[in-house]
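Peer 1: Just so it is clear, I am handing over input-v7.txt, which has compact mmCIF, C-alpha atoms (C1' of nucleotides).
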# COMPACT_ATOMS: atom_id res chain seq x y z
CA MET A 1 -18.04 0.63 -2.99
CA GLU A 2 -20.28 -0.77 -5.73
CA LEU A 3 -17.27 -1.36 -7.92
CA TYR A 4 -15.20 -2.85 -5.12
CA ALA A 5 -18.05 -5.22 -4.36
CA GLU A 6 -18.55 -6.18 -8.02
CA ARG A 7 -15.02 -6.67 -9.25
CA GLY A 8 -13.00 -6.63 -6.06
CA TYR A 9 -10.65 -3.91 -4.90
CA ASP A 10 -7.72 -5.02 -7.03
CA GLY A 11 -9.89 -5.48 -10.06
CA THR A 12 -11.10 -1.91 -9.88
CA THR A 13 -9.03 0.97 -11.22
CA VAL A 14 -9.26 4.53 -9.99
CA ALA A 15 -10.13 5.54 -13.56
CA GLU A 16 -13.22 3.33 -13.38
CA ILE A 17 -14.31 4.78 -10.07
CA ALA A 18 -13.83 8.28 -11.38
CA ASP A 19 -15.77 7.45 -14.55
CA ARG A 20 -18.69 6.09 -12.57
CA ALA A 21 -18.69 9.32 -10.57
CA GLY A 22 -18.44 11.43 -13.71
CA VAL A 23 -15.05 12.96 -12.94
CA THR A 24 -11.45 12.35 -13.90
CA ALA A 25 -8.96 10.29 -11.94
CA ARG A 26 -7.09 13.47 -11.02
CA THR A 27 -10.20 14.82 -9.38
CA PHE A 28 -10.66 11.59 -7.47
CA PHE A 29 -7.28 12.13 -5.88
CA ARG A 30 -8.26 15.65 -4.94
CA HIS A 31 -11.12 14.28 -2.87
CA PHE A 32 -9.43 11.18 -1.48
CA ALA A 33 -5.81 10.79 -0.52
CA ASP A 34 -5.66 7.36 -2.13
CA LYS A 35 -7.68 4.51 -3.55
CA ARG A 36 -8.47 3.12 -0.10
CA GLU A 37 -9.60 6.29 1.56
CA VAL A 38 -12.78 6.43 -0.49
CA LEU A 39 -14.31 3.81 1.82
CA PHE A 40 -13.45 5.71 4.99
CA ALA A 41 -14.95 9.12 4.50
CA GLY A 42 -16.83 9.98 7.67
CA SER A 43 -14.73 7.96 10.03
CA GLU A 44 -13.32 11.17 11.51
CA GLN A 45 -16.85 12.15 12.54
CA LEU A 46 -17.22 8.97 14.55
CA GLU A 47 -13.97 9.70 16.33
CA VAL A 48 -14.97 13.29 17.06
CA LEU A 49 -18.27 12.08 18.47
CA MET A 50 -16.71 9.50 20.76
CA VAL A 51 -13.93 11.76 21.98
CA LYS A 52 -16.48 14.43 22.76
CA ALA A 53 -18.58 11.97 24.76
CA LEU A 54 -15.53 10.92 26.72
CA SER A 55 -14.55 14.48 27.52
CA GLU A 56 -18.04 15.32 28.67
CA ALA A 57 -18.30 12.39 31.06
CA PRO A 58 -18.63 13.38 34.73
CA ALA A 59 -15.31 14.53 36.16
CA ASP A 60 -15.44 11.91 38.89
CA ALA A 61 -16.10 9.02 36.52
CA THR A 62 -13.43 6.29 36.48
CA PRO A 63 -11.38 5.91 33.29
CA MET A 64 -13.33 2.82 32.28
CA ALA A 65 -16.64 4.55 32.97
CA ALA A 66 -15.65 7.46 30.77
CA VAL A 67 -14.55 5.10 28.02
CA THR A 68 -17.82 3.25 28.36
CA ALA A 69 -19.70 6.49 27.79
CA ALA A 70 -17.66 7.10 24.67
CA VAL A 71 -18.31 3.65 23.26
CA LEU A 72 -22.00 3.91 23.98
CA SER A 73 -22.16 7.28 22.24
CA SER A 74 -21.12 5.61 19.01
CA ALA A 75 -24.54 3.98 18.92
CA GLU A 76 -25.99 7.32 17.79
CA PHE A 77 -24.04 6.81 14.62
CA PHE A 78 -25.40 3.42 13.64
CA ASP A 79 -29.06 2.75 13.04
CA ASP A 80 -30.72 0.00 10.97
CA ILE A 81 -30.20 1.87 7.71
CA ARG A 82 -26.53 2.36 8.35
CA ARG A 83 -26.22 -1.25 9.25
CA ASP A 84 -27.15 -2.48 5.81
CA TYR A 85 -24.48 -0.30 4.32
CA SER A 86 -22.05 -1.28 7.07
CA ARG A 87 -22.56 -4.95 6.32
CA ARG A 88 -21.70 -4.62 2.65
CA ARG A 89 -18.81 -2.34 3.48
CA ALA A 90 -17.47 -4.79 6.06
CA ALA A 91 -17.60 -7.61 3.52
CA VAL A 92 -15.51 -5.63 1.05
CA ILE A 93 -13.00 -4.61 3.70
CA GLN A 94 -12.61 -8.13 5.09
CA ALA A 95 -11.89 -9.37 1.59
CA THR A 96 -9.07 -6.91 0.97
CA PRO A 97 -5.92 -6.76 3.10
CA GLU A 98 -5.12 -3.22 2.00
CA LEU A 99 -8.52 -2.01 3.11
CA LEU A 100 -8.22 -3.93 6.33
CA GLU A 101 -5.00 -2.08 7.03
CA ARG A 102 -6.72 1.22 6.53
CA GLU A 103 -9.56 0.21 8.80
CA LEU A 104 -7.08 -0.74 11.47
CA ILE A 105 -5.31 2.60 11.33
CA LYS A 106 -8.63 4.36 11.72
CA MET A 107 -9.23 2.32 14.85
CA ALA A 108 -5.74 3.17 16.02
CA SER A 109 -6.47 6.82 15.46
CA LEU A 110 -9.61 6.38 17.55
CA THR A 111 -7.56 4.76 20.28
CA THR A 112 -5.11 7.63 20.23
CA GLY A 113 -7.92 10.16 20.37
CA LEU A 114 -9.51 8.46 23.36
CA THR A 115 -6.14 8.14 25.09
CA LYS A 116 -5.47 11.84 24.70
CA ALA A 117 -8.90 12.75 25.99
CA LEU A 118 -8.30 10.56 29.03
CA ARG A 119 -4.94 12.17 29.67
CA GLU A 120 -6.63 15.55 29.64
CA ARG A 121 -8.80 14.28 32.44
CA GLY A 122 -5.65 13.66 34.44
CA VAL A 123 -5.44 9.93 33.84
CA GLU A 124 -1.94 8.50 33.86
CA GLN A 125 -0.48 7.46 30.48
CA ASP A 126 -0.42 3.67 30.80
CA VAL A 127 -3.85 3.55 32.37
CA ALA A 128 -5.22 5.83 29.67
CA ALA A 129 -3.69 3.76 26.89
CA LEU A 130 -5.01 0.49 28.27
CA ALA A 131 -8.48 1.87 28.95
CA ALA A 132 -8.65 3.27 25.42
CA GLU A 133 -7.43 0.04 23.85
CA THR A 134 -9.95 -1.90 25.87
CA GLY A 135 -12.73 0.46 24.86
CA VAL A 136 -11.92 0.17 21.18
CA ALA A 137 -11.72 -3.60 21.52
CA VAL A 138 -15.22 -3.60 22.98
CA PHE A 139 -16.41 -1.36 20.16
CA ARG A 140 -14.98 -3.66 17.54
CA VAL A 141 -16.28 -6.87 19.01
CA ALA A 142 -19.70 -5.34 19.57
CA PHE A 143 -19.85 -3.85 16.10
CA GLU A 144 -18.98 -7.13 14.47
CA ARG A 145 -21.61 -8.91 16.47
CA TRP A 146 -24.19 -6.25 15.77
CA LEU A 147 -23.79 -6.81 12.05
CA THR A 148 -24.87 -10.43 12.50
CA GLU A 149 -27.87 -9.57 14.65
CA PRO A 150 -31.37 -9.41 13.12
CA ASP A 151 -33.02 -6.09 12.36
CA GLY A 152 -34.25 -4.03 15.27
CA VAL A 153 -31.50 -4.98 17.70
CA ALA A 154 -30.02 -1.70 18.92
CA PHE A 155 -26.27 -1.30 18.74
CA ALA A 156 -26.25 0.17 22.22
CA ASP A 157 -27.66 -3.05 23.65
CA VAL A 158 -25.00 -5.14 21.96
CA ILE A 159 -22.37 -2.82 23.40
CA ARG A 160 -23.77 -3.21 26.89
CA SER A 161 -23.81 -6.97 26.53
CA THR A 162 -20.21 -6.95 25.32
CA LEU A 163 -19.16 -4.83 28.27
CA LYS A 164 -20.71 -7.40 30.55
CA THR A 165 -18.68 -10.14 28.84
CA LEU A 166 -15.56 -8.08 29.39
CA SER A 167 -16.14 -7.61 33.10
CA GLY A 168 -16.63 -11.37 33.41
CA LEU A 169 -13.27 -11.89 31.76
CA THR A 170 -11.07 -10.16 34.26
CA ALA A 171 -13.15 -11.09 37.29
CA MET B 172 15.87 0.20 7.27
CA GLU B 173 19.04 2.26 6.93
CA LEU B 174 17.64 3.95 3.85
CA TYR B 175 14.23 4.50 5.41
CA ALA B 176 15.92 6.10 8.39
CA GLU B 177 18.18 8.30 6.26
CA ARG B 178 15.82 9.59 3.59
CA GLY B 179 12.45 8.58 4.89
CA TYR B 180 10.18 5.90 3.50
CA ASP B 181 8.76 8.01 0.69
CA GLY B 182 12.16 9.33 -0.24
CA THR B 183 13.46 5.83 -0.77
CA THR B 184 12.82 3.89 -3.97
CA VAL B 185 12.77 0.14 -4.22
CA ALA B 186 15.54 0.42 -6.82
CA GLU B 187 17.76 2.07 -4.20
CA ILE B 188 17.06 -0.62 -1.63
CA ALA B 189 17.77 -3.30 -4.18
CA ASP B 190 20.99 -1.56 -5.23
CA ARG B 191 22.22 -1.35 -1.66
CA ALA B 192 21.52 -5.06 -1.33
CA GLY B 193 23.23 -5.83 -4.62
CA VAL B 194 20.19 -7.20 -6.40
CA THR B 195 17.61 -5.91 -8.85
CA ALA B 196 14.23 -4.46 -7.96
CA ARG B 197 12.56 -7.52 -9.42
CA THR B 198 14.43 -9.71 -6.99
CA PHE B 199 13.41 -7.47 -4.11
CA PHE B 200 9.79 -8.19 -4.93
CA ARG B 201 10.51 -11.88 -4.96
CA HIS B 202 11.64 -11.69 -1.35
CA PHE B 203 9.12 -9.14 -0.09
CA ALA B 204 5.53 -8.76 -1.19
CA ASP B 205 5.86 -4.98 -1.23
CA LYS B 206 7.99 -2.06 -0.16
CA ARG B 207 6.60 -2.13 3.39
CA GLU B 208 7.04 -5.80 4.08
CA VAL B 209 10.83 -5.52 4.21
CA LEU B 210 10.54 -4.14 7.75
CA PHE B 211 8.34 -6.96 8.98
CA ALA B 212 10.25 -10.10 8.16
CA GLY B 213 10.21 -12.29 11.23
CA SER B 214 6.92 -11.09 12.62
CA GLU B 215 5.35 -14.43 11.76
CA GLN B 216 7.85 -16.13 14.04
CA LEU B 217 6.71 -14.01 16.96
CA GLU B 218 3.13 -14.99 16.28
CA VAL B 219 3.99 -18.67 16.02
CA LEU B 220 5.86 -18.45 19.32
CA MET B 221 3.01 -16.78 21.18
CA VAL B 222 0.30 -19.01 19.76
CA LYS B 223 2.34 -22.04 20.72
CA ALA B 224 2.71 -20.76 24.28
CA LEU B 225 -1.00 -20.20 24.52
CA SER B 226 -1.84 -23.67 23.24
CA GLU B 227 0.56 -25.25 25.68
CA ALA B 228 -0.86 -23.49 28.73
CA PRO B 229 -2.42 -25.84 31.31
CA ALA B 230 -5.84 -27.06 30.17
CA ASP B 231 -7.50 -25.69 33.30
CA ALA B 232 -6.03 -22.20 32.91
CA THR B 233 -8.54 -19.39 32.47
CA PRO B 234 -8.59 -17.61 29.11
CA MET B 235 -6.77 -14.61 30.55
CA ALA B 236 -4.18 -16.84 32.21
CA ALA B 237 -3.49 -18.58 28.93
CA VAL B 238 -3.21 -15.23 27.14
CA THR B 239 -0.87 -14.02 29.85
CA ALA B 240 1.38 -17.00 29.23
CA ALA B 241 1.42 -16.15 25.54
CA VAL B 242 2.33 -12.52 26.11
CA LEU B 243 5.06 -13.46 28.56
CA SER B 244 6.50 -15.91 26.06
CA SER B 245 7.17 -13.03 23.69
CA ALA B 246 9.88 -11.88 26.08
CA GLU B 247 12.11 -14.68 24.77
CA PHE B 248 12.13 -12.79 21.49
CA PHE B 249 13.40 -9.48 22.75
CA ASP B 250 16.72 -9.03 24.51
CA ASP B 251 18.89 -5.91 24.88
CA ILE B 252 20.41 -6.32 21.44
CA ARG B 253 17.06 -6.61 19.78
CA ARG B 254 15.90 -3.57 21.65
CA ASP B 255 18.38 -1.26 19.99
CA TYR B 256 17.18 -2.42 16.62
CA SER B 257 13.57 -2.27 17.76
CA ARG B 258 13.94 1.33 18.83
CA ARG B 259 15.25 2.50 15.47
CA ARG B 260 12.68 0.41 13.70
CA ALA B 261 9.87 1.85 15.81
CA ALA B 262 11.03 5.39 15.01
CA VAL B 263 10.84 4.72 11.28
CA ILE B 264 7.45 3.07 11.56
CA GLN B 265 5.96 5.83 13.69
CA ALA B 266 7.09 8.39 11.12
CA THR B 267 5.35 6.66 8.23
CA PRO B 268 1.60 6.06 8.10
CA GLU B 269 1.94 3.31 5.52
CA LEU B 270 4.32 1.40 7.73
CA LEU B 271 2.13 1.99 10.73
CA GLU B 272 -0.72 0.38 8.84
CA ARG B 273 1.38 -2.66 8.15
CA GLU B 274 2.40 -2.90 11.79
CA LEU B 275 -1.23 -2.76 12.81
CA ILE B 276 -2.24 -5.57 10.51
CA LYS B 277 0.53 -7.71 11.95
CA MET B 278 -0.90 -7.08 15.40
CA ALA B 279 -4.35 -7.92 14.07
CA SER B 280 -2.99 -11.15 12.68
CA LEU B 281 -1.56 -11.89 16.10
CA THR B 282 -4.94 -11.20 17.67
CA THR B 283 -6.61 -13.55 15.22
CA GLY B 284 -4.04 -16.23 15.92
CA LEU B 285 -4.52 -16.00 19.66
CA THR B 286 -8.29 -15.96 19.26
CA LYS B 287 -8.22 -19.16 17.22
CA ALA B 288 -5.93 -20.85 19.71
CA LEU B 289 -8.32 -19.92 22.49
CA ARG B 290 -11.28 -21.27 20.57
CA GLU B 291 -9.45 -24.55 20.19
CA ARG B 292 -9.29 -24.68 23.97
CA GLY B 293 -13.07 -24.52 23.98
CA VAL B 294 -13.38 -20.83 24.81
CA GLU B 295 -16.47 -19.12 23.48
CA GLN B 296 -16.01 -16.73 20.53
CA ASP B 297 -16.67 -13.35 22.17
CA VAL B 298 -14.66 -14.23 25.24
CA ALA B 299 -11.81 -15.48 23.09
CA ALA B 300 -11.83 -12.33 20.94
CA LEU B 301 -11.85 -10.01 23.93
CA ALA B 302 -9.16 -11.92 25.78
CA ALA B 303 -6.95 -11.91 22.69
CA GLU B 304 -7.51 -8.20 22.07
CA THR B 305 -6.71 -7.47 25.67
CA GLY B 306 -3.57 -9.56 25.53
CA VAL B 307 -2.31 -7.83 22.42
CA ALA B 308 -3.10 -4.46 23.98
CA VAL B 309 -0.95 -5.41 26.95
CA PHE B 310 1.81 -6.54 24.64
CA ARG B 311 1.76 -3.26 22.76
CA VAL B 312 1.68 -1.01 25.77
CA ALA B 313 4.41 -3.02 27.46
CA PHE B 314 6.57 -3.09 24.36
CA GLU B 315 6.35 0.64 23.88
CA ARG B 316 7.26 1.23 27.49
CA TRP B 317 10.11 -1.24 27.36
CA LEU B 318 11.70 0.71 24.52
CA THR B 319 11.93 3.75 26.80
CA GLU B 320 13.40 1.83 29.73
CA PRO B 321 17.15 1.86 30.40
CA ASP B 322 19.33 -1.10 29.48
CA GLY B 323 19.03 -4.21 31.55
CA VAL B 324 15.33 -3.97 32.27
CA ALA B 325 13.80 -7.26 31.17
CA PHE B 326 10.83 -7.16 28.86
CA ALA B 327 9.11 -9.82 30.92
CA ASP B 328 9.15 -7.55 33.97
CA VAL B 329 7.58 -4.71 32.04
CA ILE B 330 4.87 -7.08 30.84
CA ARG B 331 4.14 -8.20 34.39
CA SER B 332 3.92 -4.61 35.52
CA THR B 333 1.56 -3.77 32.68
CA LEU B 334 -0.65 -6.71 33.55
CA LYS B 335 -0.88 -5.37 37.07
CA THR B 336 -1.98 -2.01 35.72
CA LEU B 337 -4.65 -3.76 33.69
CA SER B 338 -6.10 -5.63 36.62
CA GLY B 339 -6.32 -2.35 38.51
CA LEU B 340 -8.28 -0.85 35.64
CA THR B 341 -11.26 -3.14 35.69
CA ALA B 342 -11.28 -3.63 39.44
C1' DA C 343 31.25 -37.42 -16.78
C1' DG C 344 27.06 -35.84 -18.44
C1' DG C 345 22.53 -34.41 -18.79
C1' DA C 346 17.88 -33.26 -16.46
C1' DG C 347 15.66 -30.86 -13.19
C1' DT C 348 15.21 -26.99 -9.70
C1' DG C 349 15.55 -22.59 -7.70
C1' DA C 350 17.24 -18.00 -7.55
C1' DT C 351 18.19 -14.05 -10.26
C1' DG C 352 18.30 -10.78 -14.26
C1' DT C 353 15.96 -8.47 -18.24
C1' DC C 354 12.16 -6.53 -20.47
C1' DA C 355 7.64 -4.87 -21.07
C1' DT C 356 3.54 -3.20 -19.07
C1' DC C 357 0.01 -1.59 -15.94
C1' DA C 358 -1.82 1.30 -12.52
C1' DA C 359 -1.34 4.48 -8.47
C1' DC C 360 -0.06 8.92 -7.57
C1' DT C 361 1.83 13.84 -8.18
C1' DG C 362 3.16 18.44 -9.98
C1' DA C 363 2.30 22.15 -13.26
C1' DC C 364 -0.65 24.61 -15.84
C1' DA C 365 -5.12 25.81 -18.18
C1' DT C 366 -10.07 26.41 -17.87
C1' DC C 367 -14.46 27.50 -16.18
C1' DA C 368 -18.16 28.77 -13.00
C1' DC C 369 -19.30 31.53 -9.35
C1' DT C 370 -18.81 35.33 -5.99
C1' DA C 371 -17.73 39.87 -4.12
C1' DA C 372 -16.34 44.52 -4.79
C1' DT D 373 -17.66 44.65 -15.21
C1' DT D 374 -13.69 42.77 -13.20
C1' DA D 375 -10.71 40.58 -10.08
C1' DG D 376 -10.39 36.69 -7.28
C1' DT D 377 -11.34 32.01 -5.68
C1' DG D 378 -12.16 27.19 -5.88
C1' DA D 379 -13.08 23.07 -8.32
C1' DT D 380 -12.00 20.51 -12.32
C1' DG D 381 -9.60 18.92 -16.61
C1' DT D 382 -5.29 17.93 -19.21
C1' DC D 383 -0.76 16.29 -19.61
C1' DA D 384 3.59 14.49 -18.48
C1' DG D 385 6.30 12.00 -15.44
C1' DT D 386 7.77 8.96 -11.44
C1' DT D 387 7.41 4.84 -9.00
C1' DG D 388 5.42 0.50 -7.14
C1' DA D 389 4.24 -3.91 -8.67
C1' DT D 390 3.61 -8.10 -11.90
C1' DG D 391 3.96 -11.46 -15.80
C1' DA D 392 6.89 -13.73 -19.29
C1' DC D 393 11.08 -15.37 -20.57
C1' DA D 394 16.22 -16.15 -20.34
C1' DT D 395 20.28 -17.34 -17.63
C1' DC D 396 23.08 -19.46 -14.38
C1' DA D 397 24.50 -22.26 -10.51
C1' DC D 398 23.75 -26.31 -8.05
C1' DT D 399 21.93 -30.94 -7.08
C1' DC D 400 20.66 -35.47 -8.26
C1' DC D 401 20.48 -39.45 -10.94
C1' DT D 402 22.30 -42.66 -14.34
What does this structure look like when you write it as structure tokens?

Peer 2:
Amino acid sequence: MELYAERGYDGTTVAEIADRAGVTARTFFRHFADKREVLFAGSEQLEVLMVKALSEAPADATPMAAVTAAVLSSAEFFDDIRRDYSRRRAAVIQATPELLERELIKMASLTTGLTKALRERGVEQDVAALAAETGVAVFRVAFERWLTEPDGVAFADVIRSTLKTLSGLTA
Amino acid sequence: MELYAERGYDGTTVAEIADRAGVTARTFFRHFADKREVLFAGSEQLEVLMVKALSEAPADATPMAAVTAAVLSSAEFFDDIRRDYSRRRAAVIQATPELLERELIKMASLTTGLTKALRERGVEQDVAALAAETGVAVFRVAFERWLTEPDGVAFADVIRSTLKTLSGLTA
DNA sequence: AGGAGTGATGTCATCAACTGACATCACTAA
DNA sequence: TTAGTGATGTCAGTTGATGACATCACTCCT
């Protein structure tokens, strides 16, 4: 990420990244599927965490309530230290279409994961898909806003505020 | 798309595509930014159409009503003939992560476009972003369902049905 | 008619992302 | 000690992508 921030994604070669890490380019590709993936290590963990939270929501919770639990659980992942890193990472990603694409597919994977977990709770396909999409939308909007907030503001609070905005929308 | 369907995206070289089209690879890259883009020509037109519909919605329409108008306007784009093509295209895209990424960024671009158009109507940022995300989610879910419907079912009807599902969700 | 643009294409050279095959080396378990 | 295992290096090759330059058709102006 240092290199991407310094010289830009396009201006950085895999050989340079590998050098900085003290390995060869071939080894880089053994750890990361491609040049983009290096910025997304750990994103599976977030998905696992959120899917787990959704599955463990009370059986009688509505689809949106279960999704809400999942989104709120993501707050465990992001504290003030993470946020600094997240901010720099977000800047790099926003500046590079190819990285933005990768970020989007991670979010899509999250959506799929949440949808499946909802279906396993007996929720009908279209409802599950929409609830999941809505949940991920809330996550994204909240996350983006959280990055602009001053230190000390908890991610969970931003999520709750965003959820309130959402319910105002469709009311 | 023929080649992607026959041999898969990875199994197809740009040289082969160019050959089939009777040009050189260099010329291919003058028409399309990269190997993926060839499947997404025309997606800007859809965005232009939907953004226009949103901007032209009555000034006193709520954000969601304006977004609804935009989503419904997309139905002009897709008739029964288009659907056949869309189905084959969707199959290729679903089978190829790299193409899926590109599809997602097109949807993101659409979201951004709708968000901006909402902001120009005086809608506040977070509300605009959520309404746009929701609208695109509806579009996606409806589109996917439409592809599975028998001939003769109008896309607009599927959209309306999906919108109904959505309003039931947050109720 | 006869240039002078202009735009689309071809040709060539080059870079950089990836991948497969094989060798090496450290470390572990029998 | 030895066989096995996993991580890494080396090397060669394919393919996506881009810049520089030449060519050719077509339009516009005189």

Peer 1: Enumerate as a count of residues only the residues belonging to chain B that approach chain C to within 12 Å, with all atoms listed in the file taken into account.

Peer 2: 10

Peer 1: At what distance in Å, to one decimal, does atom CA of Arg290 of chain B lie from atom CA of Ala232 of chain B?

Peer 2: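 Between atom CA of Ala232 of chain B and atom CA of Arg290 of chain B the gap is 13.4 Å.
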
Peer 1: Could you tell me how far atom CA of Thr165 of chain A lies from atom CA of Ala137 of chain A, in Å and to one decimal?

Peer 2: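 If I compute the distance from atom CA of Thr165 of chain A to atom CA of Ala137 of chain A, I get 12.0 Å.
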
Peer 1: Check the smallest atom-to-atom distance from each of B:Ala246, B:Ala186, B:Leu301, B:Ala241 to chain D using only C-alpha atoms (C1' of nucleotides), then report the winner.

Peer 2: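 Under the stated criterion, the closest residue is B:Ala186.
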
Peer 1: Interatomic distance between atom CA of Leu174 of chain B and atom CA of Glu269 of chain B?

Peer 2: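 Atom-to-atom, atom CA of Leu174 of chain B to atom CA of Glu269 of chain B, that is 15.8 Å.
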
Peer 1: Near chain B, meaning an atom within 10 Å, which residues of chain D appear when counting all atoms listed in the file? Write them as a list in words.

Peer 2: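 Output check: DT387, DG388, DA389 and DT390 of chain D.
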
Peer 1: With all atoms listed in the file as the basis for distance, which of A:Ala117, A:Ala65, A:Leu72, A:Ala91 is at the shortest distance from chain B?

Peer 2: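 Closest to chain B of all the choices is A:Ala65.
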
Peer 1: Rank nothing, just name the residue among A:Ala156, A:Ile105, A:Ala18, A:Val123 nearest to chain B, using all atoms listed in the file.

Peer 2: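 Answer, going by the shortest atom-to-atom distance: A:Ile105.
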
Peer 1: Taking only C-alpha atoms into account and nothing else, which residues of chain B lie no more than 9 Å away from chain A? Please answer as a PyMOL selection string.

Peer 2: chain B and resi 233-235+268-269+271-276+279+297-298+300-302+304-305+308-309+312-313+316+333+336-342
